[in-house]
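*Asks:* Got a structure here, written out as structure tokens. Questions coming.
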Amino acid sequence: ANKGRFRSREGYDLGQIVQSGGGPKRAASIIAQRRGKGIAVLSIFVESKPASAEVCAITKTRKGGSVENYLNDSMSFGEFRSLIDQLAEAEDTTGREKSDSRIHYTKLNRRRMARLERTVVLNETIKRAAAQNKRAMIWLVITESWCGDAAQNIPIIEKIAAESDIIKTRYLLRDENLELMDRFLENGSRSIPKLIALDRDTLEVLGTWGSRPAALKEYFLESKGLGLERSEIGEL
């Protein structure tokens, strides 16, 4: 583990916690508990990034067609959920890699999504922002069935969209749409889920969100800085 001085934004000296015997997991647990793992602070309206002019121009065209092709190929949330159900029953997964682990996570993620659909309650700030939104939008979400971050965030994205009569969600699989995915990389990575907010009438790219709430991104990076592996971070 990293035993150097490392202070969280809450003021904890995390390196000192590690050296005193708490270990990196204890230090990262403090971050997670303080921030609620980012779920409670998810706000696409607050955290979304405006798209650059270059991205706006590029995503209006596609080899062999236009952005409408992506939308025509996309799924509703219900269709995406049904796809996961079918894959889980067939011991299969989306994407190019058909490994046992990804098949396992496809089944696990369906249960995660079902639980969050039942239990997540939006805070009033997010509900009010969605209800007061005046711009008709399509939220095009790039994802895969095996992605744990997607399973944790998509039910919340759906709940936010449901608060507005003029926000519609659509879903695309990343590995089947790499040309689009590569226009919205996160630090050079094809991180998902990636939400692309489009003007419903012009299909202009208004902004993007993903792959995690801002607080959770910071928590993840701080945990990595403490020497934790990705699998260990996910257990906290």
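Note on naming: chains are A, B, ... as they come in the structure tokens, residues start from 1 per chain, ligands start from 1 in the order shown.
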Give one line per residue of region 150-175 of chain A that approaches region 86-109 of chain A to at most 12 Å, naming the two atoms of the closest pair and their distance in Å to one decimal, counting only C-alpha atoms; sort by chain then ascending residue number and deliver it as JSON lines.
*Replies:*
{"residue": "A:Ala150", "atom": "CA", "partner": "A:Asn109", "partner_atom": "CA", "distance": 8.4}
{"residue": "A:Ala151", "atom": "CA", "partner": "A:Asn109", "partner_atom": "CA", "distance": 5.4}
{"residue": "A:Gln152", "atom": "CA", "partner": "A:Asn109", "partner_atom": "CA", "distance": 8.1}
{"residue": "A:Asn153", "atom": "CA", "partner": "A:Asn109", "partner_atom": "CA", "distance": 10.9}
{"residue": "A:Ile154", "atom": "CA", "partner": "A:Asn109", "partner_atom": "CA", "distance": 10.7}
{"residue": "A:Pro155", "atom": "CA", "partner": "A:Asn109", "partner_atom": "CA", "distance": 11.1}
{"residue": "A:Leu172", "atom": "CA", "partner": "A:Thr94", "partner_atom": "CA", "distance": 11.0}
{"residue": "A:Leu173", "atom": "CA", "partner": "A:Gly95", "partner_atom": "CA", "distance": 7.5}
{"residue": "A:Arg174", "atom": "CA", "partner": "A:Gly95", "partner_atom": "CA", "distance": 7.5}
{"residue": "A:Asp175", "atom": "CA", "partner": "A:Gly95", "partner_atom": "CA", "distance": 5.5}
*Asks:* With N, CA, C and O atoms retained, write the just-selected residues as a short mmCIF file (atom, residue, chain, number, x, y, z; two decimals), in the first residue's frame.
*Replies:*
data_model
loop_
_atom_site.label_atom_id
_atom_site.label_comp_id
_atom_site.auth_asym_id
_atom_site.auth_seq_id
_atom_site.Cartn_x
_atom_site.Cartn_y
_atom_site.Cartn_z
N ALA A 150 -22.74 0.55 -14.59
CA ALA A 150 -24.00 0.76 -15.31
C ALA A 150 -25.17 0.25 -14.48
O ALA A 150 -26.21 0.91 -14.35
N ALA A 151 -25.02 -0.93 -13.89
CA ALA A 151 -26.10 -1.51 -13.09
C ALA A 151 -26.46 -0.62 -11.91
O ALA A 151 -27.63 -0.52 -11.51
N GLN A 152 -25.46 0.06 -11.34
CA GLN A 152 -25.71 0.92 -10.19
C GLN A 152 -26.32 2.26 -10.59
O GLN A 152 -27.05 2.87 -9.80
N ASN A 153 -26.03 2.74 -11.79
CA ASN A 153 -26.45 4.08 -12.18
C ASN A 153 -27.66 4.14 -13.10
O ASN A 153 -28.43 5.11 -13.05
N ILE A 154 -27.85 3.14 -13.95
CA ILE A 154 -28.95 3.20 -14.90
C ILE A 154 -30.33 3.31 -14.23
O ILE A 154 -31.17 4.10 -14.68
N PRO A 155 -30.61 2.56 -13.16
CA PRO A 155 -31.92 2.75 -12.52
C PRO A 155 -32.13 4.18 -12.03
O PRO A 155 -33.27 4.68 -12.06
N LEU A 172 -27.60 1.91 -26.09
CA LEU A 172 -26.76 1.25 -27.09
C LEU A 172 -25.70 0.42 -26.39
O LEU A 172 -25.22 0.79 -25.32
N LEU A 173 -25.31 -0.68 -27.02
CA LEU A 173 -24.23 -1.49 -26.50
C LEU A 173 -22.89 -0.96 -27.00
O LEU A 173 -22.73 -0.68 -28.19
N ARG A 174 -21.96 -0.81 -26.09
CA ARG A 174 -20.67 -0.20 -26.43
C ARG A 174 -19.94 -0.93 -27.55
O ARG A 174 -19.50 -0.31 -28.53
N ASP A 175 -19.77 -2.24 -27.39
CA ASP A 175 -18.91 -2.98 -28.32
C ASP A 175 -19.49 -3.06 -29.72
O ASP A 175 -18.77 -3.39 -30.67
#
*Asks:* I'd like the neighbourhood of Ser189 (chain A) as a ChimeraX atom specification, where a residue qualifies if any of its atoms comes within 12 Å (using only C-alpha atoms), though same-chain residues fewer than 6 positions away should be ignored.
*Replies:* /A:178,181-183,210-211
*Asks:* Residues of region 142-222 of chain A that approach region 66-74 of chain A to 9 Å or less, counting only C-alpha atoms: could you list each one with the shortest pair of atoms and its distance in Å to one decimal, rows by chain and increasing residue number, as CSV?
*Replies:*
residue,atom,partner,partner_atom,distance
A:Arg170,CA,A:Ser74,CA,5.8
A:Tyr171,CA,A:Ser74,CA,5.2
A:Leu172,CA,A:Ser74,CA,5.1
A:Leu173,CA,A:Ser74,CA,8.3
A:Asn177,CA,A:Tyr70,CA,8.2
A:Leu180,CA,A:Tyr70,CA,8.5
A:Leu203,CA,A:Val67,CA,7.5
*Asks:* Which one of A:Leu206, A:Glu176, A:Thr143, A:Lys159 sits closest to Pro193 (chain A) if you count only C-alpha atoms?
*Replies:*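 Among the listed residues, A:Thr143 lies closest to Pro193 (chain A).
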*Asks:* Would you mind listing what lies within 8 Å of Ile160 (chain A) as a PyMOL selection string, with only C-alpha atoms counted and same-chain residues fewer than 5 positions away left out?
*Replies:* chain A and resi 122+126-127+130
*Asks:* Find the distance between CA of Lys194 (chain A) and CA of Thr208 (chain A) and write it in Å to one decimal.
*Replies:*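 That distance, rounded to one decimal, is 7.1 Å.
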*Asks:* Give the alpha helix (DSSP H) residues of region 38-205 of chain A, as assigned by DSSP on the backbone, as a PyMOL selection string.
*Replies:* chain A and resi 44-47+53-58+67-73+77-89+100-119+124-132+148-162+178-181
*Asks:* Could you tell me how far CA of Ile196 (chain A) lies from CA of Gly148 (chain A), in Å and to one decimal?
*Replies:*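 It comes out at 18.9 Å.
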*Asks:* Do you have the CA of Glu144 (chain A)-CA of Leu195 (chain A) distance handy?
*Replies:*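 We find that CA of Glu144 (chain A) and CA of Leu195 (chain A) lie 12.7 Å from each other.
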*Asks:* Find the residues near region 134-137 of chain A: any atom within 6 Å, counting only C-alpha atoms, skip ones fewer than 6 places away on the same chain, and give them as a list of chain:residue names.
*Replies:* A:Ile166, A:Ile167, A:Leu198, A:Asp199, A:Arg200
*Asks:* Take the selection from the previous step and output its residues with N, CA, C and O atoms, as a short mmCIF file (atom, residue, chain, number, x, y, z; two decimals), in the first residue's frame.
*Replies:*
data_model
loop_
_atom_site.label_atom_id
_atom_site.label_comp_id
_atom_site.auth_asym_id
_atom_site.auth_seq_id
_atom_site.Cartn_x
_atom_site.Cartn_y
_atom_site.Cartn_z
N ILE A 166 -40.32 15.49 -20.94
CA ILE A 166 -39.65 15.78 -22.21
C ILE A 166 -38.22 15.22 -22.25
O ILE A 166 -37.40 15.66 -23.04
N ILE A 167 -37.94 14.24 -21.41
CA ILE A 167 -36.67 13.52 -21.47
C ILE A 167 -36.95 12.06 -21.79
O ILE A 167 -37.73 11.40 -21.10
N LEU A 198 -28.77 14.65 -25.94
CA LEU A 198 -29.03 15.20 -27.28
C LEU A 198 -30.27 16.08 -27.25
O LEU A 198 -31.27 15.74 -26.59
N ASP A 199 -30.22 17.19 -27.96
CA ASP A 199 -31.44 17.95 -28.20
C ASP A 199 -32.39 17.09 -29.02
O ASP A 199 -32.00 16.51 -30.03
N ARG A 200 -33.63 16.96 -28.56
CA ARG A 200 -34.56 16.05 -29.22
C ARG A 200 -34.86 16.43 -30.66
O ARG A 200 -35.06 15.57 -31.52
#
*Asks:* Write out as a list in words each polymer residue whose atoms come within 12 Å of Ser82 (chain A), counting only C-alpha atoms; drop sequence neighbours fewer than 6 positions from it.
*Replies:* Met75, Ser76, Ala88, Glu89, Arg110, Ala114 and Ser145 of chain A
